[in-house]
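Trainee: Supplied in structure tokens, the structure appears directly below.
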Amino acid sequence: VMCNKDKSDRRPIDRLRDGAGSFEVKTPDDDSAITGMMTFGDSLLAVKEKGIYEIKLADQIDPERNNIHVPNTIQRVLPYGSKEPWVGAVLLTGHELLKKEILNDQINVDLAMSLVLEIAQNIASAKELLKAFSNTQHHEFEKYDLEIKKDRSVVLPSISGITNKCKEFFQKSDHALDGLFKLVKVFYPNVGKGGWDSLKKEVENETAKIDNFSEVLENMLPFLLFVRNARNCVEHPRTEQKIITTDFSINPDNKLLPPLIEIVHPKTPQPPVPVVELMGQTINTIVDIVEVMLAFLCNRQIRPIAGFPVQVHVFPANHRRTENVKYGYGIATENNIIRFG
């Protein structure tokens, strides 16, 4: 017969680890407010206005309880927080919709949520690259007066390594969409080597028309293909697939042009556009696609809930739990939508 030891007989490390405690989630460069907590798998995340932090308790680091000096750790996993609309659209929307009690059992919610975090981290990396490029461009522009000298010459600003910076950006963007495809496979395990086209075929072959997912995918595919091809252009350049970047330059109208990028590809060409503009549009489109994809994937896997026609709905700003999360579960009545879960 086993019996519990008297508390006074327990080791100091057990008393310390089992006791209640609290600690601050505060870093030297982020004293913003905590706006929420997330748990999935073994992860515990603190959501702050300016960043997302993973908390690891001492027992996770030292499960055998051999070292009383092992601390709880706090580490930033995302340098953007709930104040950022895109974090709401991606990470916090994932947390709102990926719920075990609402989705069918075959959906591995913990895996799905870890993939959403991975997607968010790659988007964050792409945003950091855009910010760095934009700041450098602005700084270089400010250094020169661009007045034509008496000898009819002018010194132009310049940015070094533009091609490499674009290469890194498209790699991060492609990694984000690769993470999204892995997320899709959690919901559609049969979707395979055919990539996004195979998801479209899977949805088109459904016997009953559930929603307009097929049309939405039709609109997404050109962009998804564009990012993959752009990554191939920077990683495997050939005559017919490559990127061409140009530094600051002057056109025949004597107008200063910012650094430009052109994508040469037989299927998804892109005429010369400002690097900053293309990077910004790419990030915004990835965020929009991830948000919409989460809504469709989850809406199609809601478990039968007797008497409650639960669906994913868009909630108006004044009915949102979290400022930048517009999707949530609800039951539509004649007059309004009642939140569920």
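In the structure tokens, each chain is lettered A, B, ... as it comes, each chain's residues begin at 1, and ligands are numbered from 1 in order of appearance.
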For region 186-303 of chain A versus region 88-95 of chain A, which residues have an atom no more than 9 Å away, and what is each residue's nearest atom pair and distance in Å rounded to one decimal, using only C-alpha atoms, chain-then-number order, as CSV?
Mentor:
```
residue,atom,partner,partner_atom,distance
A:Val287,CA,A:Val90,CA,6.6
A:Asp288,CA,A:Ala89,CA,7.5
A:Val290,CA,A:Val90,CA,6.3
A:Glu291,CA,A:Ala89,CA,5.4
A:Val292,CA,A:Ala89,CA,8.9
A:Leu294,CA,A:Gly94,CA,6.7
A:Ala295,CA,A:Thr93,CA,8.4
```
Trainee: Those residues you just picked out, can you put them in a file as a JSON list (two decimals), in the first residue's frame with N, CA and C atoms?
Mentor:
```json
[["chain", "number", "residue", "atom", "x", "y", "z"],
["A", 287, "VAL", "N", -0.12, 37.34, -45.25],
["A", 287, "VAL", "CA", -0.93, 37.47, -44.03],
["A", 287, "VAL", "C", -2.41, 37.24, -44.35],
["A", 288, "ASP", "N", -2.90, 37.89, -45.40],
["A", 288, "ASP", "CA", -4.32, 37.73, -45.78],
["A", 288, "ASP", "C", -4.64, 36.28, -46.10],
["A", 290, "VAL", "N", -3.06, 33.47, -45.12],
["A", 290, "VAL", "CA", -3.02, 32.61, -43.92],
["A", 290, "VAL", "C", -4.29, 32.78, -43.10],
["A", 291, "GLU", "N", -4.73, 34.02, -42.92],
["A", 291, "GLU", "CA", -5.94, 34.30, -42.13],
["A", 291, "GLU", "C", -7.17, 33.64, -42.75],
["A", 292, "VAL", "N", -7.34, 33.82, -44.05],
["A", 292, "VAL", "CA", -8.51, 33.25, -44.74],
["A", 292, "VAL", "C", -8.44, 31.72, -44.75],
["A", 294, "LEU", "N", -7.02, 29.73, -42.55],
["A", 294, "LEU", "CA", -7.37, 29.24, -41.22],
["A", 294, "LEU", "C", -8.89, 29.19, -41.06],
["A", 295, "ALA", "N", -9.57, 30.25, -41.50],
["A", 295, "ALA", "CA", -11.03, 30.30, -41.36],
["A", 295, "ALA", "C", -11.70, 29.17, -42.14]]
```
Trainee: Identify, on the basis of only C-alpha atoms, every residue whose closest approach to Val155 (chain A) does not exceed 12 Å; exclude the query and any residue fewer than 6 positions from it along the same chain; express the result as a list in words.
Mentor: Glu140, Phe141, Lys143, Tyr144, Asp145, Leu146, Glu147, Ile148, Lys149, Phe248, Ser249, Ile250 and Leu256 of chain A
Trainee: So that I have them on file, write out the residues from the current selection with all heavy atoms, as a compact mmCIF listing (two decimals), in the first residue's frame.
Mentor:
```
# COMPACT_ATOMS: atom_id res chain seq x y z
N GLU A 140 20.31 56.23 -46.93
CA GLU A 140 21.19 56.52 -48.07
C GLU A 140 20.67 57.73 -48.86
O GLU A 140 21.45 58.58 -49.29
CB GLU A 140 21.28 55.29 -48.98
CG GLU A 140 22.12 54.17 -48.41
CD GLU A 140 23.55 54.59 -48.14
OE1 GLU A 140 24.18 55.24 -49.01
OE2 GLU A 140 24.05 54.31 -47.03
N PHE A 141 19.37 57.79 -49.04
CA PHE A 141 18.75 58.90 -49.79
C PHE A 141 19.03 60.24 -49.09
O PHE A 141 19.33 61.24 -49.72
CB PHE A 141 17.24 58.66 -49.92
CG PHE A 141 16.51 59.77 -50.61
CD1 PHE A 141 16.60 59.93 -51.98
CD2 PHE A 141 15.73 60.66 -49.88
CE1 PHE A 141 15.92 60.97 -52.62
CE2 PHE A 141 15.06 61.70 -50.51
CZ PHE A 141 15.15 61.85 -51.88
N LYS A 143 21.51 61.10 -47.30
CA LYS A 143 22.93 61.49 -47.27
C LYS A 143 23.34 62.39 -48.43
O LYS A 143 24.33 63.08 -48.36
CB LYS A 143 23.82 60.22 -47.28
CG LYS A 143 23.90 59.57 -45.93
CD LYS A 143 25.06 58.59 -45.77
CE LYS A 143 25.45 57.74 -46.91
NZ LYS A 143 26.28 56.59 -46.51
N TYR A 144 22.58 62.35 -49.52
CA TYR A 144 23.00 63.06 -50.73
C TYR A 144 22.05 64.20 -51.06
O TYR A 144 20.84 64.08 -50.89
CB TYR A 144 23.07 62.09 -51.92
CG TYR A 144 24.13 61.03 -51.74
CD1 TYR A 144 23.84 59.83 -51.08
CD2 TYR A 144 25.43 61.24 -52.20
CE1 TYR A 144 24.81 58.87 -50.90
CE2 TYR A 144 26.41 60.28 -52.02
CZ TYR A 144 26.10 59.10 -51.37
OH TYR A 144 27.08 58.15 -51.19
N ASP A 145 22.62 65.31 -51.58
CA ASP A 145 21.74 66.43 -51.94
C ASP A 145 21.21 66.33 -53.37
O ASP A 145 20.24 66.98 -53.73
CB ASP A 145 22.44 67.78 -51.73
CG ASP A 145 23.69 67.94 -52.61
OD1 ASP A 145 23.86 67.14 -53.56
OD2 ASP A 145 24.48 68.86 -52.34
N LEU A 146 21.85 65.47 -54.19
CA LEU A 146 21.40 65.18 -55.56
C LEU A 146 21.37 66.41 -56.47
O LEU A 146 20.67 66.44 -57.47
CB LEU A 146 20.01 64.51 -55.55
CG LEU A 146 19.95 63.15 -54.84
CD1 LEU A 146 18.53 62.66 -54.74
CD2 LEU A 146 20.81 62.14 -55.56
N GLU A 147 22.12 67.42 -56.08
CA GLU A 147 22.22 68.59 -56.96
C GLU A 147 23.28 68.32 -58.02
O GLU A 147 24.35 67.79 -57.72
CB GLU A 147 22.62 69.84 -56.16
CG GLU A 147 21.43 70.54 -55.54
CD GLU A 147 21.82 71.87 -54.93
OE1 GLU A 147 22.74 72.53 -55.48
OE2 GLU A 147 21.22 72.25 -53.92
N ILE A 148 22.96 68.69 -59.25
CA ILE A 148 23.92 68.48 -60.34
C ILE A 148 25.03 69.55 -60.21
O ILE A 148 24.75 70.73 -60.11
CB ILE A 148 23.22 68.58 -61.71
CG1 ILE A 148 22.15 67.49 -61.80
CG2 ILE A 148 24.22 68.46 -62.85
CD1 ILE A 148 21.27 67.58 -63.03
N LYS A 149 26.27 69.07 -60.21
CA LYS A 149 27.40 69.97 -60.02
C LYS A 149 27.69 70.75 -61.31
O LYS A 149 27.12 70.44 -62.37
CB LYS A 149 28.64 69.17 -59.60
CG LYS A 149 28.47 68.44 -58.27
CD LYS A 149 29.74 67.64 -58.00
CE LYS A 149 29.50 66.67 -56.86
NZ LYS A 149 30.56 65.66 -56.80
N PHE A 248 19.74 52.59 -56.86
CA PHE A 248 19.22 53.92 -57.19
C PHE A 248 19.68 54.30 -58.59
O PHE A 248 20.84 54.05 -58.96
CB PHE A 248 19.77 54.97 -56.21
CG PHE A 248 19.11 54.96 -54.85
CD1 PHE A 248 19.70 54.30 -53.78
CD2 PHE A 248 17.92 55.64 -54.64
CE1 PHE A 248 19.12 54.31 -52.53
CE2 PHE A 248 17.33 55.66 -53.38
CZ PHE A 248 17.92 54.99 -52.31
N SER A 249 18.82 54.89 -59.38
CA SER A 249 19.20 55.27 -60.75
C SER A 249 18.38 56.48 -61.20
O SER A 249 17.40 56.85 -60.54
CB SER A 249 18.96 54.09 -61.71
OG SER A 249 17.59 53.71 -61.67
N ILE A 250 18.81 57.05 -62.30
CA ILE A 250 18.08 58.19 -62.87
C ILE A 250 17.50 57.77 -64.20
O ILE A 250 18.18 57.12 -65.01
CB ILE A 250 19.01 59.41 -63.04
CG1 ILE A 250 19.31 60.02 -61.68
CG2 ILE A 250 18.38 60.45 -63.95
CD1 ILE A 250 20.24 61.21 -61.73
N LEU A 256 14.85 60.54 -60.02
CA LEU A 256 15.57 59.51 -59.26
C LEU A 256 14.64 58.33 -58.98
O LEU A 256 13.53 58.50 -58.47
CB LEU A 256 16.08 60.09 -57.93
CG LEU A 256 16.84 59.10 -57.05
CD1 LEU A 256 18.23 58.81 -57.62
CD2 LEU A 256 16.95 59.60 -55.61
```
Trainee: Where in region 66-312 of chain A does DSSP assign strand (DSSP E or B), given as a ChimeraX atom specification?
Mentor: /A:73-78,103,238,241-246,249-250,256-257,260-264,270-274,302,310-312
Trainee: Return as a VMD selection string the full set of residues in region 87-323 of chain A whose backbone-based DSSP assignment is helix (DSSP H, G or I).
Mentor: chain A and resid 87 to 97 109 to 143 162 to 187 196 to 204 213 to 235 275 to 299 317 to 319
Trainee: List as number ranges by chain the protein and nucleic acid residues near region 173-184 of chain A, meaning an atom at most 9 Å away when only C-alpha atoms are counted, but skip any in the same chain fewer than 2 places from it.
Mentor: A: 111-113, 115-116, 118-123, 125-126, 168-171, 186-189, 191, 195-196, 199, 224, 227-228, 230-231, 282-283, 286, 290, 293-294, 297
Trainee: What lies within 12 Å of Ile210 (chain A) using only C-alpha atoms, ignoring chain neighbours under 4 positions off, as a PyMOL selection string?
Mentor: chain A and resi 203-206+214-215+296-297+299-301
Trainee: Restricting it to all heavy atoms, dump the selection as a short mmCIF file (atom, residue, chain, number, x, y, z; two decimals), in the first residue's frame.
Mentor:
```
data_model
loop_
_atom_site.label_atom_id
_atom_site.label_comp_id
_atom_site.auth_asym_id
_atom_site.auth_seq_id
_atom_site.Cartn_x
_atom_site.Cartn_y
_atom_site.Cartn_z
N VAL A 203 -10.52 19.83 -53.30
CA VAL A 203 -11.73 20.60 -52.97
C VAL A 203 -12.72 20.56 -54.14
O VAL A 203 -13.93 20.41 -53.95
CB VAL A 203 -11.36 22.06 -52.60
CG1 VAL A 203 -12.61 22.91 -52.40
CG2 VAL A 203 -10.50 22.08 -51.34
N GLU A 204 -12.21 20.64 -55.36
CA GLU A 204 -13.09 20.61 -56.54
C GLU A 204 -13.78 19.26 -56.70
O GLU A 204 -14.89 19.19 -57.24
CB GLU A 204 -12.28 20.93 -57.80
CG GLU A 204 -12.00 22.41 -57.98
CD GLU A 204 -11.04 22.68 -59.14
OE1 GLU A 204 -10.44 21.73 -59.67
OE2 GLU A 204 -10.90 23.86 -59.49
N ASN A 205 -13.12 18.20 -56.24
CA ASN A 205 -13.69 16.86 -56.41
C ASN A 205 -14.70 16.48 -55.33
O ASN A 205 -15.20 15.36 -55.31
CB ASN A 205 -12.56 15.81 -56.44
CG ASN A 205 -11.75 15.91 -57.72
OD1 ASN A 205 -12.24 16.43 -58.72
ND2 ASN A 205 -10.52 15.44 -57.69
N GLU A 206 -14.98 17.39 -54.41
CA GLU A 206 -15.97 17.10 -53.37
C GLU A 206 -17.34 16.92 -54.01
O GLU A 206 -17.71 17.67 -54.92
CB GLU A 206 -16.02 18.24 -52.33
CG GLU A 206 -14.78 18.31 -51.46
CD GLU A 206 -14.68 19.58 -50.64
OE1 GLU A 206 -15.43 20.54 -50.91
OE2 GLU A 206 -13.84 19.63 -49.74
N SER A 214 -13.22 26.64 -53.22
CA SER A 214 -12.61 26.39 -54.52
C SER A 214 -12.30 27.69 -55.26
O SER A 214 -11.21 27.88 -55.81
CB SER A 214 -13.55 25.52 -55.36
OG SER A 214 -13.00 25.32 -56.64
N GLU A 215 -13.28 28.63 -55.25
CA GLU A 215 -13.07 29.92 -55.92
C GLU A 215 -12.00 30.75 -55.21
O GLU A 215 -11.19 31.43 -55.84
CB GLU A 215 -14.38 30.73 -55.96
CG GLU A 215 -15.44 30.18 -56.89
CD GLU A 215 -16.35 29.13 -56.24
OE1 GLU A 215 -15.92 28.51 -55.22
OE2 GLU A 215 -17.45 28.91 -56.74
N PHE A 296 -11.27 28.95 -43.38
CA PHE A 296 -11.88 27.90 -44.21
C PHE A 296 -11.57 26.51 -43.66
O PHE A 296 -12.46 25.66 -43.56
CB PHE A 296 -11.40 28.01 -45.66
CG PHE A 296 -12.27 28.90 -46.51
CD1 PHE A 296 -11.86 30.19 -46.82
CD2 PHE A 296 -13.49 28.46 -46.99
CE1 PHE A 296 -12.66 31.02 -47.59
CE2 PHE A 296 -14.30 29.28 -47.77
CZ PHE A 296 -13.88 30.57 -48.07
N LEU A 297 -10.30 26.26 -43.33
CA LEU A 297 -9.91 24.93 -42.86
C LEU A 297 -10.68 24.55 -41.60
O LEU A 297 -11.20 23.44 -41.49
CB LEU A 297 -8.40 24.89 -42.58
CG LEU A 297 -7.46 25.01 -43.79
CD1 LEU A 297 -6.01 25.12 -43.33
CD2 LEU A 297 -7.62 23.84 -44.75
N ASN A 299 -13.51 25.92 -40.39
CA ASN A 299 -14.97 25.89 -40.60
C ASN A 299 -15.43 24.55 -41.19
O ASN A 299 -16.55 24.11 -40.96
CB ASN A 299 -15.38 27.04 -41.52
CG ASN A 299 -16.89 27.25 -41.52
OD1 ASN A 299 -17.51 27.37 -40.47
ND2 ASN A 299 -17.47 27.27 -42.71
N ARG A 300 -14.52 23.89 -41.93
CA ARG A 300 -14.88 22.63 -42.57
C ARG A 300 -14.68 21.42 -41.66
O ARG A 300 -14.96 20.31 -42.05
CB ARG A 300 -14.01 22.45 -43.84
CG ARG A 300 -14.39 23.42 -44.94
CD ARG A 300 -13.36 23.50 -46.05
NE ARG A 300 -14.08 23.73 -47.30
CZ ARG A 300 -14.22 22.83 -48.26
NH1 ARG A 300 -13.68 21.63 -48.13
NH2 ARG A 300 -14.90 23.12 -49.34
N GLN A 301 -14.14 21.64 -40.47
CA GLN A 301 -13.86 20.52 -39.56
C GLN A 301 -14.51 20.71 -38.19
O GLN A 301 -14.01 20.21 -37.18
CB GLN A 301 -12.35 20.34 -39.40
CG GLN A 301 -11.66 19.71 -40.60
CD GLN A 301 -12.04 18.25 -40.80
OE1 GLN A 301 -12.57 17.60 -39.91
NE2 GLN A 301 -11.78 17.72 -41.99
#
```
Trainee: Would you pick out the contacts of Pro258 (chain A) at 10 Å or less, using only C-alpha atoms, so that residues sharing its chain but fewer than 3 positions from it are not included, and give the list as number ranges by chain?
Mentor: A: 137-138, 141, 157-159, 246-250, 255, 261, 273-276
Trainee: If you count only C-alpha atoms, which residues fall within 9 Å of His313 (chain A), apart from same-chain ones fewer than 2 positions away, as a list in words?
Mentor: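 With the cut-off at 9 Å, the set is Ala295, Asn299, Gln311, Phe315, Lys326, Tyr327, Gly328, Tyr329, Gly330, Ile331, Ala332, Ile337 and Arg339 of chain A.
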Trainee: Keeping N, CA, C and O atoms, export the residues of the selection given above as a PDB file, in the first residue's frame.
Mentor:
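Full text of part.pdb as output:
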```
ATOM      1  N   ALA A 295      -9.566  30.246 -41.500  1.00  0.00           N
ATOM      2  CA  ALA A 295     -11.029  30.302 -41.362  1.00  0.00           C
ATOM      3  C   ALA A 295     -11.699  29.174 -42.143  1.00  0.00           C
ATOM      4  O   ALA A 295     -12.582  28.479 -41.625  1.00  0.00           O
ATOM      5  N   ASN A 299     -13.514  25.919 -40.393  1.00  0.00           N
ATOM      6  CA  ASN A 299     -14.968  25.886 -40.601  1.00  0.00           C
ATOM      7  C   ASN A 299     -15.427  24.553 -41.189  1.00  0.00           C
ATOM      8  O   ASN A 299     -16.549  24.113 -40.964  1.00  0.00           O
ATOM      9  N   GLN A 311     -20.562  27.863 -36.686  1.00  0.00           N
ATOM     10  CA  GLN A 311     -19.733  28.139 -37.862  1.00  0.00           C
ATOM     11  C   GLN A 311     -18.706  29.217 -37.538  1.00  0.00           C
ATOM     12  O   GLN A 311     -18.838  29.922 -36.532  1.00  0.00           O
ATOM     13  N   PHE A 315     -16.577  38.729 -36.929  1.00  0.00           N
ATOM     14  CA  PHE A 315     -17.210  39.547 -35.909  1.00  0.00           C
ATOM     15  C   PHE A 315     -16.846  41.023 -36.121  1.00  0.00           C
ATOM     16  O   PHE A 315     -15.677  41.341 -36.370  1.00  0.00           O
ATOM     17  N   LYS A 326     -10.587  38.943 -36.178  1.00  0.00           N
ATOM     18  CA  LYS A 326     -11.961  39.145 -36.643  1.00  0.00           C
ATOM     19  C   LYS A 326     -12.756  37.855 -36.765  1.00  0.00           C
ATOM     20  O   LYS A 326     -13.992  37.884 -36.759  1.00  0.00           O
ATOM     21  N   TYR A 327     -12.081  36.706 -36.887  1.00  0.00           N
ATOM     22  CA  TYR A 327     -12.800  35.435 -37.027  1.00  0.00           C
ATOM     23  C   TYR A 327     -12.993  34.764 -35.672  1.00  0.00           C
ATOM     24  O   TYR A 327     -12.133  34.834 -34.790  1.00  0.00           O
ATOM     25  N   GLY A 328     -14.137  34.098 -35.531  1.00  0.00           N
ATOM     26  CA  GLY A 328     -14.406  33.340 -34.314  1.00  0.00           C
ATOM     27  C   GLY A 328     -15.590  32.420 -34.544  1.00  0.00           C
ATOM     28  O   GLY A 328     -16.264  32.500 -35.576  1.00  0.00           O
ATOM     29  N   TYR A 329     -15.849  31.527 -33.595  1.00  0.00           N
ATOM     30  CA  TYR A 329     -16.984  30.613 -33.708  1.00  0.00           C
ATOM     31  C   TYR A 329     -18.251  31.283 -33.187  1.00  0.00           C
ATOM     32  O   TYR A 329     -18.217  31.986 -32.165  1.00  0.00           O
ATOM     33  N   GLY A 330     -19.337  31.051 -33.896  1.00  0.00           N
ATOM     34  CA  GLY A 330     -20.598  31.639 -33.465  1.00  0.00           C
ATOM     35  C   GLY A 330     -21.794  30.914 -34.056  1.00  0.00           C
ATOM     36  O   GLY A 330     -21.656  30.063 -34.939  1.00  0.00           O
ATOM     37  N   ILE A 331     -22.968  31.255 -33.524  1.00  0.00           N
ATOM     38  CA  ILE A 331     -24.239  30.699 -34.013  1.00  0.00           C
ATOM     39  C   ILE A 331     -25.059  31.875 -34.527  1.00  0.00           C
ATOM     40  O   ILE A 331     -25.308  32.840 -33.792  1.00  0.00           O
ATOM     41  N   ALA A 332     -25.416  31.797 -35.804  1.00  0.00           N
ATOM     42  CA  ALA A 332     -26.185  32.894 -36.413  1.00  0.00           C
ATOM     43  C   ALA A 332     -27.650  32.790 -36.023  1.00  0.00           C
ATOM     44  O   ALA A 332     -28.267  31.742 -36.168  1.00  0.00           O
ATOM     45  N   ILE A 337     -25.122  37.389 -34.266  1.00  0.00           N
ATOM     46  CA  ILE A 337     -24.316  36.173 -34.120  1.00  0.00           C
ATOM     47  C   ILE A 337     -23.932  36.017 -32.652  1.00  0.00           C
ATOM     48  O   ILE A 337     -23.364  36.934 -32.050  1.00  0.00           O
ATOM     49  N   ARG A 339     -21.638  34.378 -29.919  1.00  0.00           N
ATOM     50  CA  ARG A 339     -20.307  33.749 -29.872  1.00  0.00           C
ATOM     51  C   ARG A 339     -20.408  32.378 -29.205  1.00  0.00           C
ATOM     52  O   ARG A 339     -21.152  32.193 -28.247  1.00  0.00           O
TER      53      ARG A 339
END
```
Trainee: With distances taken over only C-alpha atoms, which residue among A:Asn212, A:Glu54, A:Glu49, A:Asn251 lies nearest Pro85 (chain A)?
Mentor: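 Among the listed residues, A:Glu49 lies closest to Pro85 (chain A).
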